[in-house]
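For reference, target_35.txt is printed below; it contains compact mmCIF, C-alpha atoms.
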```
# COMPACT_ATOMS: atom_id res chain seq x y z
CA MET A 1 -30.00 13.56 -158.43
CA THR A 2 -29.86 15.13 -154.99
CA LEU A 3 -28.39 18.54 -154.33
CA GLY A 4 -25.43 16.93 -152.60
CA THR A 5 -24.72 14.64 -155.49
CA GLU A 6 -25.00 17.45 -157.97
CA LEU A 7 -22.56 19.61 -156.04
CA LEU A 8 -20.25 16.67 -155.68
CA HIS A 9 -20.23 16.15 -159.41
CA LYS A 10 -19.51 19.80 -160.07
CA SER A 11 -16.85 20.11 -157.43
CA LEU A 12 -14.50 17.27 -158.17
CA GLY A 13 -11.86 16.81 -160.78
CA SER A 14 -11.58 14.13 -163.43
CA GLY A 15 -8.81 12.52 -161.46
CA TRP A 16 -11.21 11.46 -158.76
CA VAL A 17 -13.61 8.64 -158.32
CA ALA A 18 -16.27 8.15 -155.69
CA ALA A 19 -16.94 4.89 -153.97
CA TRP A 20 -20.01 4.69 -151.86
CA GLN A 21 -19.74 2.62 -148.77
CA GLY A 22 -23.18 1.19 -149.25
CA GLY A 23 -24.65 -1.78 -150.99
CA PRO A 24 -27.30 -1.96 -153.68
CA PRO A 25 -30.26 -1.13 -151.43
CA GLN A 26 -28.93 2.29 -150.57
CA LEU A 27 -28.05 2.92 -154.14
CA ARG A 28 -31.54 2.12 -155.23
CA THR A 29 -33.20 4.52 -152.87
CA HIS A 30 -30.60 7.22 -153.26
CA PRO A 31 -29.45 7.84 -156.80
CA LEU A 32 -25.84 8.45 -155.98
CA PRO A 33 -22.69 7.59 -157.91
CA ARG A 34 -21.84 3.93 -157.80
CA GLY A 35 -18.45 2.59 -156.98
CA GLY A 36 -15.84 3.52 -159.53
CA THR A 37 -17.97 6.07 -161.32
CA ASP A 38 -15.92 8.80 -162.96
CA LEU A 39 -16.84 12.31 -162.00
CA MET A 40 -17.08 15.37 -164.18
CA PRO A 41 -13.88 17.33 -164.96
CA ARG A 42 -13.26 20.23 -162.66
CA ARG A 43 -10.43 22.45 -161.61
CA THR A 44 -8.42 21.85 -158.50
CA GLY A 45 -8.75 24.12 -155.51
CA SER A 46 -11.15 24.54 -152.67
CA CYS A 47 -14.64 23.33 -152.93
CA GLN A 48 -17.61 22.88 -150.73
CA VAL A 49 -19.75 19.81 -150.78
CA VAL A 50 -23.14 19.80 -149.19
CA LEU A 51 -24.84 16.51 -148.70
CA THR A 52 -28.55 16.48 -148.24
CA SER A 53 -28.33 13.36 -146.16
CA CYS A 54 -25.81 11.51 -144.09
CA HIS A 55 -24.82 8.75 -146.43
CA ALA A 56 -21.24 7.66 -146.12
CA TYR A 57 -18.98 7.95 -149.09
CA ARG A 58 -15.35 8.03 -150.00
CA LEU A 59 -13.40 9.96 -152.52
CA MET A 60 -10.10 8.77 -153.89
CA PRO A 61 -7.72 9.61 -156.69
CA ARG A 62 -8.19 7.41 -159.71
CA GLY A 63 -6.17 4.25 -159.68
CA THR A 64 -5.59 4.48 -155.97
CA ASP A 65 -6.32 1.47 -153.87
CA PRO A 66 -6.45 1.38 -150.96
CA MET A 67 -7.68 4.88 -150.27
CA PRO A 68 -4.96 7.21 -148.96
CA ARG A 69 -5.27 8.94 -145.67
CA GLY A 70 -7.07 12.20 -145.62
CA THR A 71 -9.50 11.34 -148.35
CA ASP A 72 -12.18 9.79 -146.26
CA LEU A 73 -15.00 12.25 -146.14
CA MET A 74 -17.41 10.02 -144.33
CA PRO A 75 -19.44 12.17 -141.97
CA ARG A 76 -18.82 11.25 -138.38
CA ARG A 77 -20.85 11.43 -135.24
CA THR A 78 -23.65 13.18 -136.96
CA ASP A 79 -26.75 13.57 -134.90
CA LEU A 80 -29.22 11.32 -136.64
CA LEU A 81 -31.36 10.49 -133.69
CA HIS A 82 -34.96 10.93 -134.75
CA ARG A 83 -34.15 13.50 -137.33
CA VAL A 84 -32.90 13.96 -140.82
CA CYS A 85 -29.98 16.34 -140.96
CA ARG A 86 -27.63 17.90 -143.38
CA VAL A 87 -23.92 17.49 -143.31
CA GLN A 88 -21.65 20.10 -144.70
CA VAL A 89 -18.19 18.95 -145.71
CA ILE A 90 -15.47 21.42 -146.60
CA CYS A 91 -12.63 19.89 -148.54
CA THR A 92 -9.67 20.98 -150.59
CA LEU A 93 -8.40 19.47 -153.79
CA THR A 94 -4.73 20.06 -154.45
CA SER A 95 -2.83 19.99 -157.70
CA VAL A 96 -1.01 16.82 -156.74
CA GLY A 97 -4.25 14.96 -156.45
CA VAL A 98 -4.24 14.43 -152.72
CA MET A 99 -7.26 15.56 -150.81
CA LYS A 100 -6.71 17.31 -147.55
CA GLY A 101 -9.92 16.87 -145.75
CA ASP A 102 -11.18 19.58 -143.50
CA GLN A 103 -14.42 18.18 -142.37
CA LYS A 104 -17.12 20.22 -140.81
CA GLU A 105 -20.47 19.02 -139.76
CA THR A 106 -23.46 21.21 -139.47
CA VAL A 107 -26.93 20.28 -138.41
CA LEU A 108 -29.35 22.60 -140.06
CA LYS A 109 -32.12 23.23 -137.62
CA GLY A 110 -34.64 24.01 -140.29
CA ASP A 111 -34.34 20.56 -141.81
CA GLN A 112 -34.90 18.59 -138.67
CA LYS A 113 -37.96 16.41 -138.49
CA GLU A 114 -39.15 13.46 -136.49
CA MET A 115 -38.23 10.01 -137.68
CA GLN A 116 -41.39 8.46 -139.04
CA PHE A 117 -42.38 4.93 -138.18
CA SER A 118 -45.22 2.52 -138.73
CA GLN A 119 -44.32 0.25 -135.84
CA ILE A 120 -42.11 0.61 -132.78
CA ARG A 121 -39.45 -1.54 -134.40
CA ASP A 122 -38.76 1.21 -136.93
CA ARG A 123 -37.98 3.83 -134.29
CA VAL A 124 -34.28 3.38 -133.74
CA GLU A 125 -31.05 5.22 -133.11
CA ILE A 126 -28.68 5.17 -136.02
CA ASP A 127 -24.93 4.91 -135.80
CA SER A 128 -23.91 7.54 -138.31
CA GLU A 129 -20.56 5.88 -138.90
CA THR A 130 -22.23 2.87 -140.44
CA ILE A 131 -24.81 4.57 -142.59
CA GLY A 132 -24.85 3.23 -146.09
CA MET A 133 -22.72 0.25 -145.18
CA MET A 134 -24.07 -3.25 -145.65
CA ASP A 135 -22.10 -6.42 -145.09
CA VAL A 136 -23.31 -8.70 -147.86
CA SER A 137 -20.62 -11.33 -147.43
CA GLY A 138 -23.16 -13.98 -146.42
CA LEU A 139 -24.96 -13.92 -149.74
CA PRO A 140 -22.54 -14.58 -152.63
CA GLY A 141 -22.08 -18.17 -153.72
CA THR A 142 -24.04 -20.98 -155.26
CA TRP A 143 -27.27 -21.90 -153.51
CA ILE A 144 -28.69 -25.35 -154.27
CA ASN A 145 -32.34 -26.35 -153.87
CA SER A 146 -32.69 -28.79 -150.99
CA ASN A 147 -35.25 -30.74 -153.01
CA PRO A 148 -33.52 -32.73 -155.78
CA ASP A 149 -36.91 -33.39 -157.36
CA THR A 150 -37.94 -29.77 -157.65
CA SER A 151 -39.69 -28.68 -160.82
CA GLY A 152 -38.75 -25.08 -160.19
CA ILE A 153 -35.55 -23.19 -159.45
CA ALA A 154 -32.68 -25.61 -159.01
CA ARG A 155 -29.81 -23.26 -158.35
CA LEU A 156 -29.05 -19.63 -157.59
CA ALA A 157 -25.69 -18.04 -158.26
CA ILE A 158 -25.14 -14.79 -156.40
CA SER A 159 -22.07 -12.74 -157.15
CA GLU A 160 -20.71 -9.34 -156.22
CA SER A 161 -19.12 -6.94 -158.65
CA ASN A 162 -18.36 -3.24 -158.19
CA GLY A 163 -20.40 -3.15 -155.04
CA MET A 164 -23.45 -4.56 -156.78
CA LEU A 165 -24.97 -7.95 -156.06
CA THR A 166 -26.44 -9.88 -158.93
CA LEU A 167 -28.30 -13.16 -159.04
CA ARG A 168 -28.45 -15.75 -161.78
CA ALA A 169 -31.14 -18.41 -161.55
CA TYR A 170 -31.30 -21.84 -163.17
CA ALA A 171 -34.62 -23.68 -163.22
CA VAL A 172 -35.59 -27.22 -164.07
CA GLY A 173 -37.07 -27.62 -167.55
CA PRO A 174 -38.19 -30.59 -169.63
CA ASP A 175 -34.82 -30.75 -171.40
CA GLY A 176 -32.54 -29.69 -168.62
CA LEU A 177 -31.77 -26.52 -166.76
CA ILE A 178 -33.10 -23.22 -168.05
CA ASP A 179 -30.89 -20.20 -167.53
CA TRP A 180 -33.00 -17.28 -166.39
CA GLY A 181 -30.18 -14.81 -166.83
CA THR A 182 -28.97 -12.25 -164.34
CA THR A 183 -30.72 -9.57 -162.34
CA GLU A 184 -29.74 -7.13 -159.61
CA ILE A 185 -30.89 -7.86 -156.09
CA ASN A 186 -31.95 -5.57 -153.25
CA VAL A 187 -30.39 -6.60 -149.95
CA PHE A 188 -32.26 -6.44 -146.65
CA ALA A 189 -30.90 -6.60 -143.12
CA ALA A 190 -32.63 -8.25 -140.18
CA SER A 191 -33.50 -4.94 -138.51
CA PRO A 192 -33.32 -1.19 -139.22
CA VAL A 193 -30.06 -0.91 -137.28
CA SER A 194 -28.38 -4.03 -138.60
CA ARG A 195 -25.79 -3.66 -141.34
CA ALA A 196 -25.61 -7.36 -142.22
CA GLY A 197 -27.45 -8.68 -145.25
CA ALA A 198 -30.07 -11.23 -144.21
CA GLY A 199 -32.13 -11.54 -147.34
CA PHE A 200 -32.96 -10.01 -150.68
CA THR A 201 -35.60 -9.41 -153.28
CA CYS A 202 -35.38 -9.34 -157.06
CA ILE A 203 -37.61 -9.59 -160.10
CA PHE A 204 -37.33 -11.52 -163.35
CA ASP A 205 -39.57 -10.24 -166.13
CA PHE A 206 -39.94 -12.85 -168.86
CA GLY A 207 -42.58 -11.03 -170.86
CA PHE A 208 -45.22 -13.73 -170.61
CA ALA A 209 -44.73 -13.88 -166.83
CA GLU A 210 -43.02 -12.11 -163.99
CA THR A 211 -41.35 -13.83 -161.10
CA GLU A 212 -40.56 -12.02 -157.88
CA LEU A 213 -38.12 -13.67 -155.51
CA GLN A 214 -38.14 -12.80 -151.82
CA ALA A 215 -35.45 -14.52 -149.80
CA MET A 216 -34.43 -14.65 -146.17
CA ILE A 217 -31.57 -16.54 -144.57
CA MET A 218 -32.55 -18.63 -141.58
CA LYS A 219 -30.10 -20.88 -139.78
CA GLY A 220 -27.88 -20.99 -142.83
CA LEU A 221 -30.70 -21.87 -145.19
CA LEU A 222 -32.01 -19.52 -147.81
CA VAL A 223 -35.79 -19.58 -147.66
CA LEU A 224 -36.98 -18.47 -151.04
CA ALA A 225 -40.53 -17.30 -151.66
CA GLN A 226 -41.39 -17.20 -155.33
CA LEU A 227 -44.34 -15.15 -156.54
CA HIS A 228 -45.21 -16.01 -160.13
CA ARG A 229 -47.58 -13.83 -162.13
CA PHE A 230 -48.65 -14.77 -165.65
CA LYS A 231 -49.15 -11.93 -168.07
CA ASP A 232 -50.17 -13.97 -171.11
CA ASP A 233 -53.60 -15.32 -172.04
CA SER A 234 -52.87 -18.90 -171.02
CA ARG A 235 -55.42 -18.72 -168.18
CA ARG A 236 -52.88 -20.08 -165.74
CA VAL A 237 -53.34 -18.86 -162.20
CA ASP A 238 -50.65 -16.87 -160.44
CA TYR A 239 -48.91 -19.03 -157.92
CA PHE A 240 -46.68 -19.00 -154.89
CA VAL A 241 -43.92 -21.42 -153.97
CA ARG A 242 -41.58 -21.52 -151.01
CA GLU A 243 -38.39 -23.59 -151.18
CA TYR A 244 -35.12 -24.01 -149.31
CA PHE A 245 -31.62 -23.56 -150.64
CA ALA A 246 -28.27 -24.44 -149.10
CA LEU A 247 -25.01 -22.66 -149.81
CA GLU A 248 -22.61 -24.95 -151.62
CA HIS A 249 -19.23 -25.25 -149.93
CA GLU A 250 -16.07 -27.33 -150.07
CA ARG A 251 -15.63 -27.95 -146.37
CA TYR A 252 -16.89 -31.54 -146.12
CA MET B 1 -59.37 -32.19 -157.35
CA CYS B 2 -59.80 -34.44 -160.36
CA GLU B 3 -56.89 -33.99 -162.70
CA SER B 4 -58.51 -36.02 -165.48
CA THR B 5 -60.81 -33.09 -166.17
CA LEU B 6 -57.99 -30.64 -166.78
CA PRO B 7 -58.06 -28.88 -170.15
CA TRP B 8 -54.61 -30.17 -170.88
CA SER B 9 -52.27 -32.66 -169.39
CA THR B 10 -48.56 -33.19 -169.55
CA SER B 11 -48.80 -36.73 -170.87
CA ASP B 12 -49.40 -35.79 -174.50
CA THR B 13 -47.23 -32.75 -174.63
CA LYS B 14 -43.79 -32.33 -176.00
CA PRO B 15 -41.31 -29.53 -175.62
CA LYS B 16 -40.00 -27.60 -178.57
CA SER B 17 -36.31 -28.03 -178.32
CA GLY B 18 -34.68 -25.24 -176.43
CA SER B 19 -37.49 -22.80 -176.98
CA GLY B 20 -38.89 -22.50 -173.52
CA ARG B 21 -42.29 -23.04 -175.09
CA PHE B 22 -44.48 -26.09 -174.61
CA GLU B 23 -46.74 -27.32 -177.38
CA ASN B 24 -49.87 -29.21 -176.51
CA SER B 25 -51.07 -31.44 -179.34
CA THR B 26 -54.64 -31.75 -178.17
CA MET B 27 -55.20 -28.10 -177.37
CA THR B 28 -52.89 -26.71 -180.08
CA GLN B 29 -51.82 -24.15 -177.56
CA ASN B 30 -48.32 -23.02 -176.86
CA LEU B 31 -47.41 -22.39 -173.29
CA GLU B 32 -44.37 -20.35 -172.54
CA PHE B 33 -42.48 -21.39 -169.48
CA LYS B 34 -39.29 -20.79 -167.56
CA GLN B 35 -39.51 -23.86 -165.37
CA SER B 36 -41.37 -27.15 -165.50
CA ARG B 37 -43.55 -25.93 -162.67
CA ASP B 38 -45.12 -23.37 -165.03
CA LEU B 39 -46.64 -26.33 -166.86
CA GLN B 40 -48.23 -28.11 -163.95
CA PRO B 41 -51.85 -28.96 -164.79
CA ALA B 42 -53.15 -27.55 -161.53
CA LEU B 43 -52.45 -24.02 -162.77
CA THR B 44 -55.30 -24.31 -165.25
CA ASP B 45 -57.56 -26.42 -163.12
CA PRO B 46 -60.85 -24.59 -162.44
CA ALA B 47 -60.67 -25.88 -158.91
CA THR B 48 -57.48 -23.90 -158.39
CA ARG B 49 -59.30 -20.67 -159.28
CA THR B 50 -61.77 -21.31 -156.54
CA LEU B 51 -59.44 -22.31 -153.76
CA ASN B 52 -61.15 -21.68 -150.48
CA ALA B 53 -59.99 -18.50 -148.81
CA ASP B 54 -61.75 -19.23 -145.54
CA LYS B 55 -58.47 -20.13 -143.89
CA LEU B 56 -57.19 -16.61 -144.53
CA ILE B 57 -60.23 -14.47 -143.93
CA GLY B 58 -60.66 -13.03 -140.47
CA ARG B 59 -58.90 -11.23 -137.66
CA TRP B 60 -55.46 -12.36 -136.61
CA VAL B 61 -53.49 -11.40 -133.54
CA ASN B 62 -49.72 -11.60 -133.10
CA THR B 63 -48.65 -14.63 -131.07
CA ASP B 64 -46.14 -12.34 -129.33
CA PRO B 65 -48.01 -9.94 -127.03
CA GLU B 66 -44.83 -7.84 -126.71
CA THR B 67 -44.29 -7.45 -130.42
CA GLN B 68 -42.78 -4.20 -131.62
CA GLY B 69 -43.98 -4.85 -135.11
CA VAL B 70 -47.34 -5.85 -136.51
CA ALA B 71 -49.87 -6.31 -133.74
CA GLU B 72 -52.91 -7.36 -135.69
CA ILE B 73 -54.05 -8.22 -139.19
CA LYS B 74 -57.52 -8.35 -140.59
CA ILE B 75 -58.11 -9.95 -143.98
CA GLU B 76 -61.32 -9.32 -145.84
CA GLN B 77 -62.66 -10.70 -149.08
CA ASN B 78 -65.04 -8.85 -151.33
CA GLY B 79 -65.72 -11.03 -154.34
CA LYS B 80 -62.38 -11.70 -155.99
CA GLU B 81 -60.74 -8.86 -154.09
CA PHE B 82 -58.79 -9.25 -150.89
CA LEU B 83 -58.10 -6.38 -148.52
CA VAL B 84 -55.47 -6.48 -145.81
CA ASN B 85 -55.75 -4.23 -142.76
CA VAL B 86 -52.66 -4.06 -140.59
CA VAL B 87 -52.23 -2.48 -137.19
CA GLY B 88 -48.71 -1.78 -136.03
CA ALA B 89 -47.58 -1.57 -132.42
CA GLY B 90 -47.04 2.08 -131.51
CA LEU B 91 -45.63 3.95 -128.53
CA ASP B 92 -48.93 5.35 -127.37
CA GLY B 93 -51.30 2.91 -128.91
CA ARG B 94 -51.75 1.25 -132.21
CA ILE B 95 -50.83 2.54 -135.65
CA VAL B 96 -53.33 1.78 -138.36
CA TRP B 97 -51.61 1.14 -141.66
CA PRO B 98 -53.16 2.20 -144.95
CA LYS B 99 -55.44 -0.54 -146.19
CA ALA B 100 -53.87 -2.59 -148.97
CA ARG B 101 -55.41 -4.54 -151.79
CA ALA B 102 -53.80 -7.98 -151.99
CA ARG B 103 -52.99 -10.25 -154.91
CA ALA B 104 -54.10 -13.83 -154.47
CA LEU B 105 -51.70 -16.57 -155.47
CA ALA B 106 -52.34 -20.28 -155.53
CA ASN B 107 -50.14 -22.02 -153.03
CA LEU B 108 -50.06 -25.55 -154.40
CA GLU B 109 -47.05 -26.92 -152.60
CA GLU B 110 -47.58 -25.92 -149.02
CA GLU B 111 -46.27 -28.18 -146.30
CA ALA B 112 -48.16 -31.43 -145.67
CA GLY B 113 -49.64 -31.26 -149.15
CA GLN B 114 -51.95 -28.38 -148.31
CA ARG B 115 -53.40 -26.45 -151.25
CA THR B 116 -54.25 -22.96 -150.18
CA LEU B 117 -54.16 -19.32 -151.15
CA SER B 118 -51.36 -16.95 -150.34
CA LEU B 119 -51.59 -13.19 -150.54
CA ALA B 120 -49.13 -10.52 -151.61
CA ALA B 121 -49.74 -6.98 -150.41
CA ASP B 122 -47.71 -3.77 -150.59
CA PHE B 123 -48.04 -0.91 -148.11
CA ASP B 124 -46.79 2.54 -149.06
CA PHE B 125 -46.18 4.99 -146.22
CA GLY B 126 -44.26 7.50 -148.26
CA PHE B 127 -41.21 7.39 -146.02
CA MET B 128 -41.24 3.58 -146.23
CA LYS B 129 -42.62 0.82 -148.35
CA ALA B 130 -43.46 -2.65 -147.04
CA GLU B 131 -43.75 -5.55 -149.48
CA THR B 132 -45.37 -8.49 -147.78
CA TYR B 133 -46.66 -11.96 -148.41
CA LEU B 134 -49.05 -13.81 -146.16
CA ARG B 135 -49.79 -17.50 -145.93
CA VAL B 136 -51.50 -19.83 -143.52
CA ASN B 137 -49.64 -22.94 -142.45
CA LYS B 138 -51.37 -25.35 -140.10
CA GLY B 139 -53.65 -22.66 -138.76
CA VAL B 140 -50.95 -20.06 -138.21
CA LEU B 141 -50.87 -16.91 -140.32
CA VAL B 142 -47.33 -16.00 -141.30
CA ILE B 143 -46.46 -12.59 -142.67
CA VAL B 144 -43.05 -11.78 -144.14
CA LEU B 145 -42.24 -8.12 -144.63
CA PHE B 146 -39.52 -6.56 -146.77
CA ASN B 147 -39.30 -2.94 -145.64
CA THR B 148 -37.59 -0.27 -147.73
CA PHE B 149 -36.95 3.20 -146.32
CA ASN B 150 -37.16 6.21 -148.63
CA ASP B 151 -36.51 8.97 -146.11
CA ASP B 152 -32.72 9.26 -145.86
CA SER B 153 -32.96 8.43 -142.17
CA GLY B 154 -30.02 6.04 -142.37
CA ARG B 155 -32.10 3.06 -141.36
CA SER B 156 -31.33 -0.20 -143.13
CA ASN B 157 -33.92 -1.78 -145.32
CA TYR B 158 -34.92 -4.87 -143.43
CA LEU B 159 -37.02 -8.00 -143.49
CA ASN B 160 -39.11 -9.44 -140.74
CA ARG B 161 -41.42 -12.39 -140.13
CA GLU B 162 -44.24 -12.62 -137.63
CA PHE B 163 -46.85 -15.19 -136.62
CA PHE B 164 -50.54 -14.77 -135.81
CA TYR B 165 -53.35 -16.80 -134.38
CA ARG B 166 -56.97 -16.43 -135.38
CA LYS B 167 -58.97 -14.28 -133.01
CA ASP B 168 -62.41 -14.67 -134.54
```
For the structure just supplied, provide its representation as C-alpha cells.
Amino acid sequence: MTLGTELLHKSLGSGWVAAWQGGPPQLRTHPLPRGGTDLMPRRTGSCQVVLTSCHAYRLMPRGTDPMPRGTDLMPRRTDLLHRVCRVQVICTLTSVGVMKGDQKETVLKGDQKEMQFSQIRDRVEIDSETIGMMDVSGLPGTWINSNPDTSGIARLAISESNGMLTLRAYAVGPDGLIDWGTTEINVFAASPVSRAGAGFTCIFDFGFAETELQAMIMKGLLVLAQLHRFKDDSRRVDYFVREYFALEHERY
Amino acid sequence: MCESTLPWSTSDTKPKSGSGRFENSTMTQNLEFKQSRDLQPALTDPATRTLNADKLIGRWVNTDPETQGVAEIKIEQNGKEFLVNVVGAGLDGRIVWPKARARALANLEEEAGQRTLSLAADFDFGFMKAETYLRVNKGVLVIVLFNTFNDDSGRSNYLNREFFYRKD
C-alpha cells in the first residue's frame, strides 16, 4: 500500500467509496482500492490526502451514482513531463456526506526525477487528466476462432465487471468444448500515451501446464499468441501457437 | 518427420469421459490436456526437440531505419540455451538492454506449414518490464512486446510489434 492510499484509507468515512478511473493494468501495478471498495470508518471533518503519484481517482458517497459535483478529486494539470511528482489534495468531508473539494497541487522538488526509458518511444509527455484511464470498450464480447477446424481455443468470452476485465476461454477437446474457466486480463494500449485498450495478456495455470495468452487487436481481428508450457513429466515440448479471432456481432 | 515412429499416436487412444485426461492403451500413460492440441503427436516427437534454430540465430536489424523502438536484436544459442540481446533506439545513440535468457517453444503451426522455433524472453528494467515473443516467418524476424511500467510515470502499458531482417 502506498503512502497516499494509506492516508486515503485513514482519512475517509465509512459513507464513502473510491472508484479509480483506471483499468486493470493500473490496478495491478499500483495496489490501490478498486472500484466500489469500502473505506475504513472515519470521522467527518477536514482531512489531507497526499498521493505519492498522479493517478486519477474519484470519491463519492455510497450509493451515489453518478458522482455529485465537487467530489472529483482527480488531480489536474499536474506537471508530469519527464518527472514523477507528488500531488497534495486538501479536501473537506462534511456531516451531510457531501465533499467540498479544495484541491491544491504541489510538485515536490525533492521527488523529481527523469523519466526513464529503454527506447525513444517510451519518452513521452503525459496528459495528467487521463492518467489511470483506459478505454477498454473494444475488448468485451465473444471472440470466435477464424479457423473452424482448430484443435485449440475455439472461443474467448471477455466481460467487464466492477472495472475489471475477465476472460473465459473454451477450447476444443475430444468430447466437445472444454471450459478453461475465468481469469483476469491485463490490458495494453498501442503506445505509452494512448488510453485505448489494444490488447491484453493473461495466464491460465492448469497445474500440469501453464498457458499464457498474449493478444493484440489488428484491423478488427484479435491476434492471439498462445505460449504453452508443460509442467508434468509427459515429455511434451512447450509450444507456441498464433491464431485469429473475430468479434461476434449481430449486425449482418 | 516420420510420425509412425512417435511413442504414442492418437489412433489407439480414448478419452476418459469429461476428465480432461487422455489414456493411451499402448503406453499406459495418462496425458492431461486442456485442448486437443495438447495431444498432438508432434509434441513428443524427438524431431520436435531438435528443431533447427538456425533461422533464429544471428543479428537482426529493424526494417524501419527510423524506428523509435528496438533497433537491433542479436540471438545467440549456447547448447540448449538461447540468449537475446536487444538494442533500443536512444536519443544520443543506442540503448543496450539487459541480456535475457529466452524460452524456446516449438512453433508447429506457422504459416505455410513451417515448423520452427519461437522464443519468449522477458526484460526487466526496474521501471519497466517487457514481455516479448520472437518468431521468424518467411525470413522476417517478428518481435511482439508487451511493456508494463512500474514507475508511476502515468505512461500506459503498451504493446508493440516490429520487424527485422537478417544482417549476418
Inset, instruction - Output as a VMD selection string the set of chain A residues within 7 Å of chain B, with distances taken over all atoms listed in the file. - result: chain A and resid 29 53 84 118 to 121 126 131 to 132 151 to 152 171 to 174 178 188 to 195 208 234 to 241
Inset, instruction - Please indicate the distance in Å from atom CA of Asn62 of chain B to atom CA of Lys80 of chain B, rounded to one decimal place. - result: 26.2 Å
Inset, instruction - Tell me, in Å to one decimal, how far atom CA of Gly220 of chain A is from atom CA of Glu66 of chain B. - result: 26.8 Å
Legend entry - Nearest to Pro140 of chain A, chosen from A:Tyr252, A:Phe230, A:Tyr170, A:Phe200, with all atoms listed in the file counted in the distances: A:Phe200
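The two atoms in question, atom CA of Ile143 of chain B and atom CA of Phe163 of chain B, are spaced 6.6 Å apart.
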All file atoms of segment 164-182 of chain A boxed axis-aligned, 4 Å per side, centre plus edges, as AutoDock Vina command-line options:
```
--center_x -30.8 --center_y -17.7 --center_z -163.7 --size_x 22.7 --size_y 34.2 --size_z 23.3
```
